[in-house]
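S.K.: Just so it is clear, I am handing over model08.txt, which has compact mmCIF, N, CA and C atoms.
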```txt
# COMPACT_ATOMS: atom_id res chain seq x y z
N MET A 1 -18.31 106.11 -21.48
CA MET A 1 -17.68 105.18 -22.39
C MET A 1 -18.44 103.85 -22.38
N MET A 2 -18.75 103.34 -23.56
CA MET A 2 -19.44 102.06 -23.67
C MET A 2 -18.54 100.92 -23.19
N LYS A 3 -19.15 99.94 -22.54
CA LYS A 3 -18.42 98.76 -22.06
C LYS A 3 -19.13 97.51 -22.54
N ILE A 4 -18.36 96.48 -22.81
CA ILE A 4 -18.89 95.18 -23.25
C ILE A 4 -18.55 94.14 -22.18
N VAL A 5 -19.54 93.34 -21.83
CA VAL A 5 -19.33 92.25 -20.88
C VAL A 5 -19.44 90.94 -21.64
N GLU A 6 -18.44 90.11 -21.55
CA GLU A 6 -18.49 88.76 -22.13
C GLU A 6 -19.02 87.83 -21.03
N ALA A 7 -20.31 87.60 -21.05
CA ALA A 7 -20.95 86.81 -19.99
C ALA A 7 -20.31 85.44 -19.83
N ARG A 8 -19.89 84.85 -20.95
CA ARG A 8 -19.30 83.50 -20.87
C ARG A 8 -17.97 83.50 -20.10
N ASN A 9 -17.35 84.66 -19.94
CA ASN A 9 -16.07 84.76 -19.22
C ASN A 9 -16.20 85.44 -17.86
N ALA A 10 -17.41 85.81 -17.47
CA ALA A 10 -17.61 86.50 -16.20
C ALA A 10 -17.45 85.54 -15.03
N LYS A 11 -17.05 86.08 -13.90
CA LYS A 11 -16.82 85.30 -12.69
C LYS A 11 -18.14 84.82 -12.09
N VAL A 12 -18.22 83.55 -11.74
CA VAL A 12 -19.41 82.96 -11.11
C VAL A 12 -19.15 82.87 -9.61
N GLU A 13 -20.13 83.35 -8.82
CA GLU A 13 -20.02 83.31 -7.37
C GLU A 13 -21.13 82.43 -6.80
N LYS A 14 -20.81 81.61 -5.81
CA LYS A 14 -21.83 80.83 -5.11
C LYS A 14 -22.31 81.63 -3.92
N ARG A 15 -23.65 81.64 -3.73
CA ARG A 15 -24.23 82.37 -2.59
C ARG A 15 -25.29 81.50 -1.92
N SER A 16 -25.31 81.59 -0.60
CA SER A 16 -26.33 80.88 0.18
C SER A 16 -26.62 81.69 1.42
N GLY A 17 -27.69 81.32 2.10
CA GLY A 17 -28.08 82.05 3.30
C GLY A 17 -28.76 83.36 2.94
N GLY A 18 -29.12 84.12 3.95
CA GLY A 18 -29.79 85.39 3.71
C GLY A 18 -31.08 85.19 2.95
N ILE A 19 -31.16 85.77 1.78
CA ILE A 19 -32.38 85.70 0.97
C ILE A 19 -32.58 84.32 0.33
N PHE A 20 -31.51 83.52 0.21
CA PHE A 20 -31.59 82.26 -0.53
C PHE A 20 -31.87 81.06 0.36
N ILE A 21 -32.74 80.18 -0.15
CA ILE A 21 -33.01 78.89 0.47
C ILE A 21 -32.28 77.88 -0.40
N GLY A 22 -31.09 77.48 0.03
CA GLY A 22 -30.20 76.67 -0.79
C GLY A 22 -29.06 77.53 -1.32
N THR A 23 -28.28 76.97 -2.23
CA THR A 23 -27.12 77.67 -2.80
C THR A 23 -27.36 77.93 -4.28
N VAL A 24 -27.13 79.17 -4.70
CA VAL A 24 -27.29 79.57 -6.10
C VAL A 24 -25.94 80.01 -6.65
N GLU A 25 -25.86 80.09 -7.97
CA GLU A 25 -24.69 80.66 -8.63
C GLU A 25 -25.10 81.99 -9.23
N ILE A 26 -24.34 83.04 -8.93
CA ILE A 26 -24.62 84.36 -9.48
C ILE A 26 -23.43 84.81 -10.31
N THR A 27 -23.73 85.29 -11.51
CA THR A 27 -22.72 85.85 -12.40
C THR A 27 -23.03 87.33 -12.58
N PRO A 28 -22.36 88.21 -11.82
CA PRO A 28 -22.60 89.64 -11.98
C PRO A 28 -22.17 90.10 -13.38
N LEU A 29 -23.02 90.87 -14.04
CA LEU A 29 -22.71 91.38 -15.37
C LEU A 29 -22.54 92.89 -15.37
N ILE A 30 -23.51 93.59 -14.80
CA ILE A 30 -23.47 95.05 -14.73
C ILE A 30 -23.74 95.46 -13.29
N ASP A 31 -22.81 96.24 -12.73
CA ASP A 31 -22.94 96.70 -11.35
C ASP A 31 -22.07 97.93 -11.14
N THR A 32 -21.91 98.34 -9.89
CA THR A 32 -21.12 99.53 -9.61
C THR A 32 -19.65 99.34 -9.99
N ASP A 33 -19.13 98.11 -9.88
CA ASP A 33 -17.74 97.86 -10.28
C ASP A 33 -17.50 98.18 -11.75
N MET A 34 -18.55 98.02 -12.55
CA MET A 34 -18.44 98.30 -13.98
C MET A 34 -18.70 99.78 -14.28
N GLY A 35 -19.19 100.51 -13.28
CA GLY A 35 -19.46 101.93 -13.47
C GLY A 35 -20.93 102.28 -13.57
N SER A 36 -21.82 101.32 -13.38
CA SER A 36 -23.26 101.59 -13.45
C SER A 36 -23.73 102.17 -12.13
N GLU A 37 -24.45 103.28 -12.20
CA GLU A 37 -24.95 103.91 -10.98
C GLU A 37 -26.29 103.35 -10.54
N GLU A 38 -27.16 102.95 -11.48
CA GLU A 38 -28.50 102.52 -11.12
C GLU A 38 -28.85 101.10 -11.55
N LEU A 39 -28.37 100.67 -12.69
CA LEU A 39 -28.76 99.37 -13.24
C LEU A 39 -27.89 98.25 -12.70
N ARG A 40 -28.53 97.14 -12.39
CA ARG A 40 -27.83 95.91 -12.00
C ARG A 40 -28.33 94.80 -12.89
N ALA A 41 -27.41 93.99 -13.39
CA ALA A 41 -27.78 92.83 -14.19
C ALA A 41 -26.86 91.67 -13.81
N ALA A 42 -27.47 90.50 -13.65
CA ALA A 42 -26.71 89.30 -13.28
C ALA A 42 -27.46 88.08 -13.78
N ILE A 43 -26.72 87.02 -13.99
CA ILE A 43 -27.33 85.72 -14.27
C ILE A 43 -27.37 84.98 -12.94
N VAL A 44 -28.57 84.52 -12.56
CA VAL A 44 -28.73 83.76 -11.33
C VAL A 44 -29.21 82.38 -11.71
N THR A 45 -28.49 81.34 -11.25
CA THR A 45 -28.85 79.96 -11.55
C THR A 45 -29.20 79.24 -10.26
N PHE A 46 -30.43 78.71 -10.24
CA PHE A 46 -30.96 77.98 -9.09
C PHE A 46 -30.94 76.49 -9.40
N PRO A 47 -30.34 75.64 -8.57
CA PRO A 47 -30.49 74.19 -8.74
C PRO A 47 -31.94 73.79 -8.48
N PRO A 48 -32.35 72.58 -8.88
CA PRO A 48 -33.73 72.14 -8.65
C PRO A 48 -34.15 72.34 -7.20
N GLY A 49 -35.34 72.90 -7.02
CA GLY A 49 -35.91 73.08 -5.69
C GLY A 49 -35.36 74.25 -4.89
N THR A 50 -34.41 74.97 -5.43
CA THR A 50 -33.80 76.10 -4.73
C THR A 50 -34.54 77.39 -5.09
N ARG A 51 -34.69 78.29 -4.13
CA ARG A 51 -35.40 79.54 -4.39
C ARG A 51 -34.91 80.61 -3.44
N ASN A 52 -35.50 81.79 -3.56
CA ASN A 52 -35.23 82.80 -2.55
C ASN A 52 -36.46 83.01 -1.69
N ARG A 53 -36.29 83.72 -0.61
CA ARG A 53 -37.38 84.00 0.32
C ARG A 53 -38.20 85.18 -0.21
N PHE A 54 -39.40 85.35 0.33
CA PHE A 54 -40.16 86.55 0.00
C PHE A 54 -39.28 87.77 0.26
N HIS A 55 -39.31 88.72 -0.66
CA HIS A 55 -38.54 89.95 -0.51
C HIS A 55 -39.17 91.05 -1.36
N ILE A 56 -38.75 92.27 -1.10
CA ILE A 56 -39.27 93.45 -1.79
C ILE A 56 -38.11 94.31 -2.26
N HIS A 57 -38.22 94.86 -3.48
CA HIS A 57 -37.24 95.81 -3.99
C HIS A 57 -37.90 97.20 -4.05
N ASP A 58 -37.09 98.23 -3.92
CA ASP A 58 -37.62 99.59 -4.05
C ASP A 58 -37.54 100.07 -5.50
N HIS A 59 -37.32 99.13 -6.39
CA HIS A 59 -37.25 99.40 -7.84
C HIS A 59 -37.90 98.23 -8.57
N GLU A 60 -38.23 98.42 -9.83
CA GLU A 60 -38.76 97.31 -10.62
C GLU A 60 -37.67 96.26 -10.82
N GLN A 61 -38.10 95.02 -10.99
CA GLN A 61 -37.17 93.94 -11.29
C GLN A 61 -37.67 93.22 -12.54
N ILE A 62 -36.75 92.97 -13.45
CA ILE A 62 -37.09 92.22 -14.65
C ILE A 62 -36.31 90.92 -14.63
N LEU A 63 -37.02 89.81 -14.82
CA LEU A 63 -36.38 88.51 -14.94
C LEU A 63 -36.57 88.04 -16.38
N TYR A 64 -35.47 87.72 -17.05
CA TYR A 64 -35.52 87.12 -18.39
C TYR A 64 -35.03 85.69 -18.22
N VAL A 65 -35.91 84.72 -18.48
CA VAL A 65 -35.58 83.32 -18.23
C VAL A 65 -34.68 82.80 -19.35
N LEU A 66 -33.47 82.37 -18.95
CA LEU A 66 -32.48 81.87 -19.90
C LEU A 66 -32.59 80.37 -20.11
N ASN A 67 -32.85 79.63 -19.02
CA ASN A 67 -32.91 78.16 -19.09
C ASN A 67 -33.77 77.60 -17.98
N GLY A 68 -34.27 76.41 -18.21
CA GLY A 68 -34.97 75.66 -17.18
C GLY A 68 -36.39 76.10 -16.94
N LYS A 69 -36.90 75.61 -15.80
CA LYS A 69 -38.27 75.92 -15.38
C LYS A 69 -38.24 76.53 -13.99
N GLY A 70 -38.99 77.61 -13.82
CA GLY A 70 -39.01 78.27 -12.53
C GLY A 70 -40.40 78.65 -12.09
N ILE A 71 -40.46 79.18 -10.89
CA ILE A 71 -41.70 79.69 -10.32
C ILE A 71 -41.42 81.12 -9.86
N VAL A 72 -42.33 82.01 -10.20
CA VAL A 72 -42.31 83.39 -9.70
C VAL A 72 -43.61 83.56 -8.93
N ALA A 73 -43.50 84.01 -7.69
CA ALA A 73 -44.68 84.05 -6.82
C ALA A 73 -44.80 85.39 -6.10
N THR A 74 -46.07 85.76 -5.88
CA THR A 74 -46.40 86.88 -5.00
C THR A 74 -47.20 86.29 -3.85
N GLU A 75 -47.70 87.12 -2.98
CA GLU A 75 -48.53 86.62 -1.89
C GLU A 75 -49.87 86.10 -2.40
N GLU A 76 -50.25 86.50 -3.61
CA GLU A 76 -51.55 86.11 -4.17
C GLU A 76 -51.49 84.96 -5.17
N GLU A 77 -50.34 84.77 -5.84
CA GLU A 77 -50.29 83.76 -6.91
C GLU A 77 -48.89 83.24 -7.17
N GLU A 78 -48.84 82.06 -7.82
CA GLU A 78 -47.59 81.47 -8.29
C GLU A 78 -47.74 81.18 -9.77
N LYS A 79 -46.72 81.54 -10.55
CA LYS A 79 -46.73 81.30 -12.00
C LYS A 79 -45.48 80.53 -12.38
N LYS A 80 -45.64 79.51 -13.23
CA LYS A 80 -44.48 78.80 -13.77
C LYS A 80 -43.97 79.56 -14.99
N VAL A 81 -42.65 79.63 -15.13
CA VAL A 81 -42.01 80.31 -16.25
C VAL A 81 -40.96 79.39 -16.85
N THR A 82 -40.70 79.59 -18.16
CA THR A 82 -39.72 78.78 -18.87
C THR A 82 -38.88 79.67 -19.79
N LYS A 83 -37.91 79.07 -20.42
CA LYS A 83 -36.96 79.77 -21.29
C LYS A 83 -37.67 80.73 -22.24
N GLY A 84 -37.18 81.97 -22.26
CA GLY A 84 -37.74 82.99 -23.14
C GLY A 84 -38.78 83.87 -22.50
N ASP A 85 -39.33 83.47 -21.34
CA ASP A 85 -40.32 84.30 -20.65
C ASP A 85 -39.64 85.51 -20.02
N VAL A 86 -40.37 86.61 -19.95
CA VAL A 86 -39.91 87.83 -19.29
C VAL A 86 -40.92 88.19 -18.22
N VAL A 87 -40.43 88.48 -17.02
CA VAL A 87 -41.29 88.80 -15.89
C VAL A 87 -40.97 90.22 -15.42
N LEU A 88 -41.98 91.04 -15.22
CA LEU A 88 -41.81 92.36 -14.62
C LEU A 88 -42.42 92.32 -13.23
N ILE A 89 -41.60 92.58 -12.23
CA ILE A 89 -42.05 92.62 -10.85
C ILE A 89 -42.02 94.10 -10.42
N PRO A 90 -43.19 94.67 -10.10
CA PRO A 90 -43.23 96.09 -9.75
C PRO A 90 -42.47 96.40 -8.47
N ALA A 91 -41.98 97.62 -8.35
CA ALA A 91 -41.36 98.09 -7.10
C ALA A 91 -42.37 97.92 -5.97
N GLY A 92 -41.89 97.44 -4.83
CA GLY A 92 -42.75 97.28 -3.67
C GLY A 92 -43.56 95.99 -3.63
N GLN A 93 -43.45 95.13 -4.65
CA GLN A 93 -44.21 93.87 -4.69
C GLN A 93 -43.46 92.79 -3.90
N ASN A 94 -44.09 92.25 -2.88
CA ASN A 94 -43.50 91.14 -2.13
C ASN A 94 -43.54 89.91 -3.02
N HIS A 95 -42.39 89.25 -3.23
CA HIS A 95 -42.32 88.14 -4.19
C HIS A 95 -41.14 87.22 -3.86
N TRP A 96 -41.16 86.07 -4.51
CA TRP A 96 -40.01 85.16 -4.50
C TRP A 96 -39.94 84.49 -5.86
N HIS A 97 -38.78 83.90 -6.18
CA HIS A 97 -38.62 83.15 -7.41
C HIS A 97 -37.56 82.09 -7.21
N GLY A 98 -37.70 80.99 -7.98
CA GLY A 98 -36.74 79.91 -7.87
C GLY A 98 -37.09 78.78 -8.81
N ALA A 99 -36.31 77.70 -8.72
CA ALA A 99 -36.44 76.56 -9.62
C ALA A 99 -37.57 75.64 -9.18
N THR A 100 -38.17 74.97 -10.15
CA THR A 100 -39.12 73.90 -9.83
C THR A 100 -38.33 72.75 -9.22
N GLU A 101 -39.03 71.78 -8.65
CA GLU A 101 -38.35 70.64 -8.02
C GLU A 101 -37.60 69.76 -9.03
N ASP A 102 -37.98 69.81 -10.32
CA ASP A 102 -37.41 68.89 -11.30
C ASP A 102 -36.52 69.57 -12.35
N SER A 103 -36.13 70.84 -12.12
CA SER A 103 -35.36 71.55 -13.14
C SER A 103 -34.47 72.61 -12.53
N THR A 104 -33.35 72.88 -13.16
CA THR A 104 -32.60 74.08 -12.82
C THR A 104 -33.35 75.27 -13.40
N PHE A 105 -32.95 76.47 -13.01
CA PHE A 105 -33.62 77.68 -13.45
C PHE A 105 -32.60 78.81 -13.48
N SER A 106 -32.42 79.40 -14.65
CA SER A 106 -31.50 80.54 -14.77
C SER A 106 -32.26 81.74 -15.31
N HIS A 107 -32.06 82.88 -14.68
CA HIS A 107 -32.62 84.13 -15.19
C HIS A 107 -31.59 85.23 -15.11
```
I need this file expressed as structure tokens, please.
M.R.:
Amino acid sequence: MMKIVEARNAKVEKRSGGIFIGTVEITPLIDTDMGSEELRAAIVTFPPGTRNRFHIHDHEQILYVLNGKGIVATEEEEKKVTKGDVVLIPAGQNHWHGATEDSTFSH
């Protein structure tokens, strides 16, 4: 059965520690609670200067930049991204992403 998520009405959760350096806001959109077995989708908002630590997923990750300015980095490079950019991070790629020092960043 098809399901619709109203992102503007979804619950926002604050998270810190673990993978995050600083506190972020996460809005889960699609997950196991909704009935999805494989796909996960969430809006993650980083305050200025906040990011996550290097980490690896066993699946591809797609970041669609909604607002602000961010950095997406691997062990070899750092790229700045802005609203409308789409990033594909391959499975097994060690990476981090977060906000620039002067902007929030939502993906």
S.K.: Select, from A:Thr45, A:Leu29, A:Val24, A:Ile89, the residue with the minimum atom-to-atom distance to Glu6 (chain A), counting all atoms listed in the file.
M.R.: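 Checking each candidate against Glu6 (chain A), we get A:Leu29 as the closest.
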S.K.: Find the residue from A:Gly18, A:Gly84, A:Pro48, A:Gly68 that sits nearest to Asp102 (chain A); use only C-alpha atoms when measuring.
M.R.: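 Nearest to Asp102 (chain A): A:Pro48.
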S.K.: Using only C-alpha atoms, which residue out of A:Arg53, A:His59, A:Lys3, A:Lys69 lies closest to Ala91 (chain A)?
M.R.: A:His59
S.K.: Here is a test: counting only C-alpha atoms, which residue of A:Thr82, A:Asn67, A:Thr104, A:Asn94 is nearest to Arg51 (chain A)?
M.R.: A:Thr104
S.K.: Quick one: residues within 5 Å of Ile71 (chain A), all atoms listed in the file counted, chain neighbours fewer than 2 positions away excluded, as a PyMOL selection string?
M.R.: chain A and resi 69+73+79-81+97-100
S.K.: Write down as a PDB file with N, CA and C atoms, in the frame of the given file the residues belonging to chain A that are assigned strand (DSSP E) by DSSP computed on the backbone.
M.R.:
```pdb
ATOM      1  N   GLU A  13     -20.130  83.350  -8.820  1.00  0.00           N
ATOM      2  CA  GLU A  13     -20.020  83.310  -7.370  1.00  0.00           C
ATOM      3  C   GLU A  13     -21.130  82.430  -6.800  1.00  0.00           C
ATOM      4  N   LYS A  14     -20.810  81.610  -5.810  1.00  0.00           N
ATOM      5  CA  LYS A  14     -21.830  80.830  -5.110  1.00  0.00           C
ATOM      6  C   LYS A  14     -22.310  81.630  -3.920  1.00  0.00           C
ATOM      7  N   ARG A  15     -23.650  81.640  -3.730  1.00  0.00           N
ATOM      8  CA  ARG A  15     -24.230  82.370  -2.590  1.00  0.00           C
ATOM      9  C   ARG A  15     -25.290  81.500  -1.920  1.00  0.00           C
ATOM     10  N   SER A  16     -25.310  81.590  -0.600  1.00  0.00           N
ATOM     11  CA  SER A  16     -26.330  80.880   0.180  1.00  0.00           C
ATOM     12  C   SER A  16     -26.620  81.690   1.420  1.00  0.00           C
ATOM     13  N   GLY A  17     -27.690  81.320   2.100  1.00  0.00           N
ATOM     14  CA  GLY A  17     -28.080  82.050   3.300  1.00  0.00           C
ATOM     15  C   GLY A  17     -28.760  83.360   2.940  1.00  0.00           C
ATOM     16  N   PHE A  20     -31.510  83.520   0.210  1.00  0.00           N
ATOM     17  CA  PHE A  20     -31.590  82.260  -0.530  1.00  0.00           C
ATOM     18  C   PHE A  20     -31.870  81.060   0.360  1.00  0.00           C
ATOM     19  N   ILE A  21     -32.740  80.180  -0.150  1.00  0.00           N
ATOM     20  CA  ILE A  21     -33.010  78.890   0.470  1.00  0.00           C
ATOM     21  C   ILE A  21     -32.280  77.880  -0.400  1.00  0.00           C
ATOM     22  N   GLY A  22     -31.090  77.480   0.030  1.00  0.00           N
ATOM     23  CA  GLY A  22     -30.200  76.670  -0.790  1.00  0.00           C
ATOM     24  C   GLY A  22     -29.060  77.530  -1.320  1.00  0.00           C
ATOM     25  N   THR A  23     -28.280  76.970  -2.230  1.00  0.00           N
ATOM     26  CA  THR A  23     -27.120  77.670  -2.800  1.00  0.00           C
ATOM     27  C   THR A  23     -27.360  77.930  -4.280  1.00  0.00           C
ATOM     28  N   VAL A  24     -27.130  79.170  -4.700  1.00  0.00           N
ATOM     29  CA  VAL A  24     -27.290  79.570  -6.100  1.00  0.00           C
ATOM     30  C   VAL A  24     -25.940  80.010  -6.650  1.00  0.00           C
ATOM     31  N   GLU A  25     -25.860  80.090  -7.970  1.00  0.00           N
ATOM     32  CA  GLU A  25     -24.690  80.660  -8.630  1.00  0.00           C
ATOM     33  C   GLU A  25     -25.100  81.990  -9.230  1.00  0.00           C
ATOM     34  N   ILE A  26     -24.340  83.040  -8.930  1.00  0.00           N
ATOM     35  CA  ILE A  26     -24.620  84.360  -9.480  1.00  0.00           C
ATOM     36  C   ILE A  26     -23.430  84.810 -10.310  1.00  0.00           C
ATOM     37  N   THR A  27     -23.730  85.290 -11.510  1.00  0.00           N
ATOM     38  CA  THR A  27     -22.720  85.850 -12.400  1.00  0.00           C
ATOM     39  C   THR A  27     -23.030  87.330 -12.580  1.00  0.00           C
ATOM     40  N   PRO A  28     -22.360  88.210 -11.820  1.00  0.00           N
ATOM     41  CA  PRO A  28     -22.600  89.640 -11.980  1.00  0.00           C
ATOM     42  C   PRO A  28     -22.170  90.100 -13.380  1.00  0.00           C
ATOM     43  N   LEU A  29     -23.020  90.870 -14.040  1.00  0.00           N
ATOM     44  CA  LEU A  29     -22.710  91.380 -15.370  1.00  0.00           C
ATOM     45  C   LEU A  29     -22.540  92.890 -15.370  1.00  0.00           C
ATOM     46  N   ILE A  30     -23.510  93.590 -14.800  1.00  0.00           N
ATOM     47  CA  ILE A  30     -23.470  95.050 -14.730  1.00  0.00           C
ATOM     48  C   ILE A  30     -23.740  95.460 -13.290  1.00  0.00           C
ATOM     49  N   ALA A  41     -27.410  93.990 -13.390  1.00  0.00           N
ATOM     50  CA  ALA A  41     -27.780  92.830 -14.190  1.00  0.00           C
ATOM     51  C   ALA A  41     -26.860  91.670 -13.810  1.00  0.00           C
ATOM     52  N   ALA A  42     -27.470  90.500 -13.650  1.00  0.00           N
ATOM     53  CA  ALA A  42     -26.710  89.300 -13.280  1.00  0.00           C
ATOM     54  C   ALA A  42     -27.460  88.080 -13.780  1.00  0.00           C
ATOM     55  N   ILE A  43     -26.720  87.020 -13.990  1.00  0.00           N
ATOM     56  CA  ILE A  43     -27.330  85.720 -14.270  1.00  0.00           C
ATOM     57  C   ILE A  43     -27.370  84.980 -12.940  1.00  0.00           C
ATOM     58  N   VAL A  44     -28.570  84.520 -12.560  1.00  0.00           N
ATOM     59  CA  VAL A  44     -28.730  83.760 -11.330  1.00  0.00           C
ATOM     60  C   VAL A  44     -29.210  82.380 -11.710  1.00  0.00           C
ATOM     61  N   THR A  45     -28.490  81.340 -11.250  1.00  0.00           N
ATOM     62  CA  THR A  45     -28.850  79.960 -11.550  1.00  0.00           C
ATOM     63  C   THR A  45     -29.200  79.240 -10.260  1.00  0.00           C
ATOM     64  N   PHE A  46     -30.430  78.710 -10.240  1.00  0.00           N
ATOM     65  CA  PHE A  46     -30.960  77.980  -9.090  1.00  0.00           C
ATOM     66  C   PHE A  46     -30.940  76.490  -9.400  1.00  0.00           C
ATOM     67  N   ARG A  51     -34.690  78.290  -4.130  1.00  0.00           N
ATOM     68  CA  ARG A  51     -35.400  79.540  -4.390  1.00  0.00           C
ATOM     69  C   ARG A  51     -34.910  80.610  -3.440  1.00  0.00           C
ATOM     70  N   ASN A  52     -35.500  81.790  -3.560  1.00  0.00           N
ATOM     71  CA  ASN A  52     -35.230  82.800  -2.550  1.00  0.00           C
ATOM     72  C   ASN A  52     -36.460  83.010  -1.690  1.00  0.00           C
ATOM     73  N   GLN A  61     -38.100  95.020 -10.990  1.00  0.00           N
ATOM     74  CA  GLN A  61     -37.170  93.940 -11.290  1.00  0.00           C
ATOM     75  C   GLN A  61     -37.670  93.220 -12.540  1.00  0.00           C
ATOM     76  N   ILE A  62     -36.750  92.970 -13.450  1.00  0.00           N
ATOM     77  CA  ILE A  62     -37.090  92.220 -14.650  1.00  0.00           C
ATOM     78  C   ILE A  62     -36.310  90.920 -14.630  1.00  0.00           C
ATOM     79  N   LEU A  63     -37.020  89.810 -14.820  1.00  0.00           N
ATOM     80  CA  LEU A  63     -36.380  88.510 -14.940  1.00  0.00           C
ATOM     81  C   LEU A  63     -36.570  88.040 -16.380  1.00  0.00           C
ATOM     82  N   TYR A  64     -35.470  87.720 -17.050  1.00  0.00           N
ATOM     83  CA  TYR A  64     -35.520  87.120 -18.390  1.00  0.00           C
ATOM     84  C   TYR A  64     -35.030  85.690 -18.220  1.00  0.00           C
ATOM     85  N   ASN A  67     -32.850  79.630 -19.020  1.00  0.00           N
ATOM     86  CA  ASN A  67     -32.910  78.160 -19.090  1.00  0.00           C
ATOM     87  C   ASN A  67     -33.770  77.600 -17.980  1.00  0.00           C
ATOM     88  N   GLY A  68     -34.270  76.410 -18.210  1.00  0.00           N
ATOM     89  CA  GLY A  68     -34.970  75.660 -17.180  1.00  0.00           C
ATOM     90  C   GLY A  68     -36.390  76.100 -16.940  1.00  0.00           C
ATOM     91  N   LYS A  69     -36.900  75.610 -15.800  1.00  0.00           N
ATOM     92  CA  LYS A  69     -38.270  75.920 -15.380  1.00  0.00           C
ATOM     93  C   LYS A  69     -38.240  76.530 -13.990  1.00  0.00           C
ATOM     94  N   GLY A  70     -38.990  77.610 -13.820  1.00  0.00           N
ATOM     95  CA  GLY A  70     -39.010  78.270 -12.530  1.00  0.00           C
ATOM     96  C   GLY A  70     -40.400  78.650 -12.090  1.00  0.00           C
ATOM     97  N   ILE A  71     -40.460  79.180 -10.890  1.00  0.00           N
ATOM     98  CA  ILE A  71     -41.700  79.690 -10.320  1.00  0.00           C
ATOM     99  C   ILE A  71     -41.420  81.120  -9.860  1.00  0.00           C
ATOM    100  N   VAL A  72     -42.330  82.010 -10.200  1.00  0.00           N
ATOM    101  CA  VAL A  72     -42.310  83.390  -9.700  1.00  0.00           C
ATOM    102  C   VAL A  72     -43.610  83.560  -8.930  1.00  0.00           C
ATOM    103  N   ALA A  73     -43.500  84.010  -7.690  1.00  0.00           N
ATOM    104  CA  ALA A  73     -44.680  84.050  -6.820  1.00  0.00           C
ATOM    105  C   ALA A  73     -44.800  85.390  -6.100  1.00  0.00           C
ATOM    106  N   THR A  74     -46.070  85.760  -5.880  1.00  0.00           N
ATOM    107  CA  THR A  74     -46.400  86.880  -5.000  1.00  0.00           C
ATOM    108  C   THR A  74     -47.200  86.290  -3.850  1.00  0.00           C
ATOM    109  N   GLU A  78     -48.840  82.060  -7.820  1.00  0.00           N
ATOM    110  CA  GLU A  78     -47.590  81.470  -8.290  1.00  0.00           C
ATOM    111  C   GLU A  78     -47.740  81.180  -9.770  1.00  0.00           C
ATOM    112  N   LYS A  79     -46.720  81.540 -10.550  1.00  0.00           N
ATOM    113  CA  LYS A  79     -46.730  81.300 -12.000  1.00  0.00           C
ATOM    114  C   LYS A  79     -45.480  80.530 -12.380  1.00  0.00           C
ATOM    115  N   LYS A  80     -45.640  79.510 -13.230  1.00  0.00           N
ATOM    116  CA  LYS A  80     -44.480  78.800 -13.770  1.00  0.00           C
ATOM    117  C   LYS A  80     -43.970  79.560 -14.990  1.00  0.00           C
ATOM    118  N   VAL A  81     -42.650  79.630 -15.130  1.00  0.00           N
ATOM    119  CA  VAL A  81     -42.010  80.310 -16.250  1.00  0.00           C
ATOM    120  C   VAL A  81     -40.960  79.390 -16.850  1.00  0.00           C
ATOM    121  N   THR A  82     -40.700  79.590 -18.160  1.00  0.00           N
ATOM    122  CA  THR A  82     -39.720  78.780 -18.870  1.00  0.00           C
ATOM    123  C   THR A  82     -38.880  79.670 -19.790  1.00  0.00           C
ATOM    124  N   VAL A  86     -40.370  86.610 -19.950  1.00  0.00           N
ATOM    125  CA  VAL A  86     -39.910  87.830 -19.290  1.00  0.00           C
ATOM    126  C   VAL A  86     -40.920  88.190 -18.220  1.00  0.00           C
ATOM    127  N   VAL A  87     -40.430  88.480 -17.020  1.00  0.00           N
ATOM    128  CA  VAL A  87     -41.290  88.800 -15.890  1.00  0.00           C
ATOM    129  C   VAL A  87     -40.970  90.220 -15.420  1.00  0.00           C
ATOM    130  N   LEU A  88     -41.980  91.040 -15.220  1.00  0.00           N
ATOM    131  CA  LEU A  88     -41.810  92.360 -14.620  1.00  0.00           C
ATOM    132  C   LEU A  88     -42.420  92.320 -13.230  1.00  0.00           C
ATOM    133  N   ILE A  89     -41.600  92.580 -12.230  1.00  0.00           N
ATOM    134  CA  ILE A  89     -42.050  92.620 -10.850  1.00  0.00           C
ATOM    135  C   ILE A  89     -42.020  94.100 -10.420  1.00  0.00           C
ATOM    136  N   HIS A  95     -42.390  89.250  -3.230  1.00  0.00           N
ATOM    137  CA  HIS A  95     -42.320  88.140  -4.190  1.00  0.00           C
ATOM    138  C   HIS A  95     -41.140  87.220  -3.860  1.00  0.00           C
ATOM    139  N   TRP A  96     -41.160  86.070  -4.510  1.00  0.00           N
ATOM    140  CA  TRP A  96     -40.010  85.160  -4.500  1.00  0.00           C
ATOM    141  C   TRP A  96     -39.940  84.490  -5.860  1.00  0.00           C
ATOM    142  N   HIS A  97     -38.780  83.900  -6.180  1.00  0.00           N
ATOM    143  CA  HIS A  97     -38.620  83.150  -7.410  1.00  0.00           C
ATOM    144  C   HIS A  97     -37.560  82.090  -7.210  1.00  0.00           C
ATOM    145  N   GLY A  98     -37.700  80.990  -7.980  1.00  0.00           N
ATOM    146  CA  GLY A  98     -36.740  79.910  -7.870  1.00  0.00           C
ATOM    147  C   GLY A  98     -37.090  78.780  -8.810  1.00  0.00           C
ATOM    148  N   ALA A  99     -36.310  77.700  -8.720  1.00  0.00           N
ATOM    149  CA  ALA A  99     -36.440  76.560  -9.620  1.00  0.00           C
ATOM    150  C   ALA A  99     -37.570  75.640  -9.180  1.00  0.00           C
ATOM    151  N   PHE A 105     -32.950  76.470 -13.010  1.00  0.00           N
ATOM    152  CA  PHE A 105     -33.620  77.680 -13.450  1.00  0.00           C
ATOM    153  C   PHE A 105     -32.600  78.810 -13.480  1.00  0.00           C
ATOM    154  N   SER A 106     -32.420  79.400 -14.650  1.00  0.00           N
ATOM    155  CA  SER A 106     -31.500  80.540 -14.770  1.00  0.00           C
ATOM    156  C   SER A 106     -32.260  81.740 -15.310  1.00  0.00           C
TER     157      SER A 106
END
```
S.K.: Residues near region 31-43 of chain A, anyone? I mean within 10 Å using only C-alpha atoms, not counting same-chain ones fewer than 6 positions away, as a PyMOL selection string.
M.R.: chain A and resi 1+3-5+7+10+12+25+59+61-66+106-107
S.K.: Have a look at atom N of Arg8 (chain A) and atom C of His95 (chain A) and let me know their distance in Å, one decimal.
M.R.: 27.4 Å
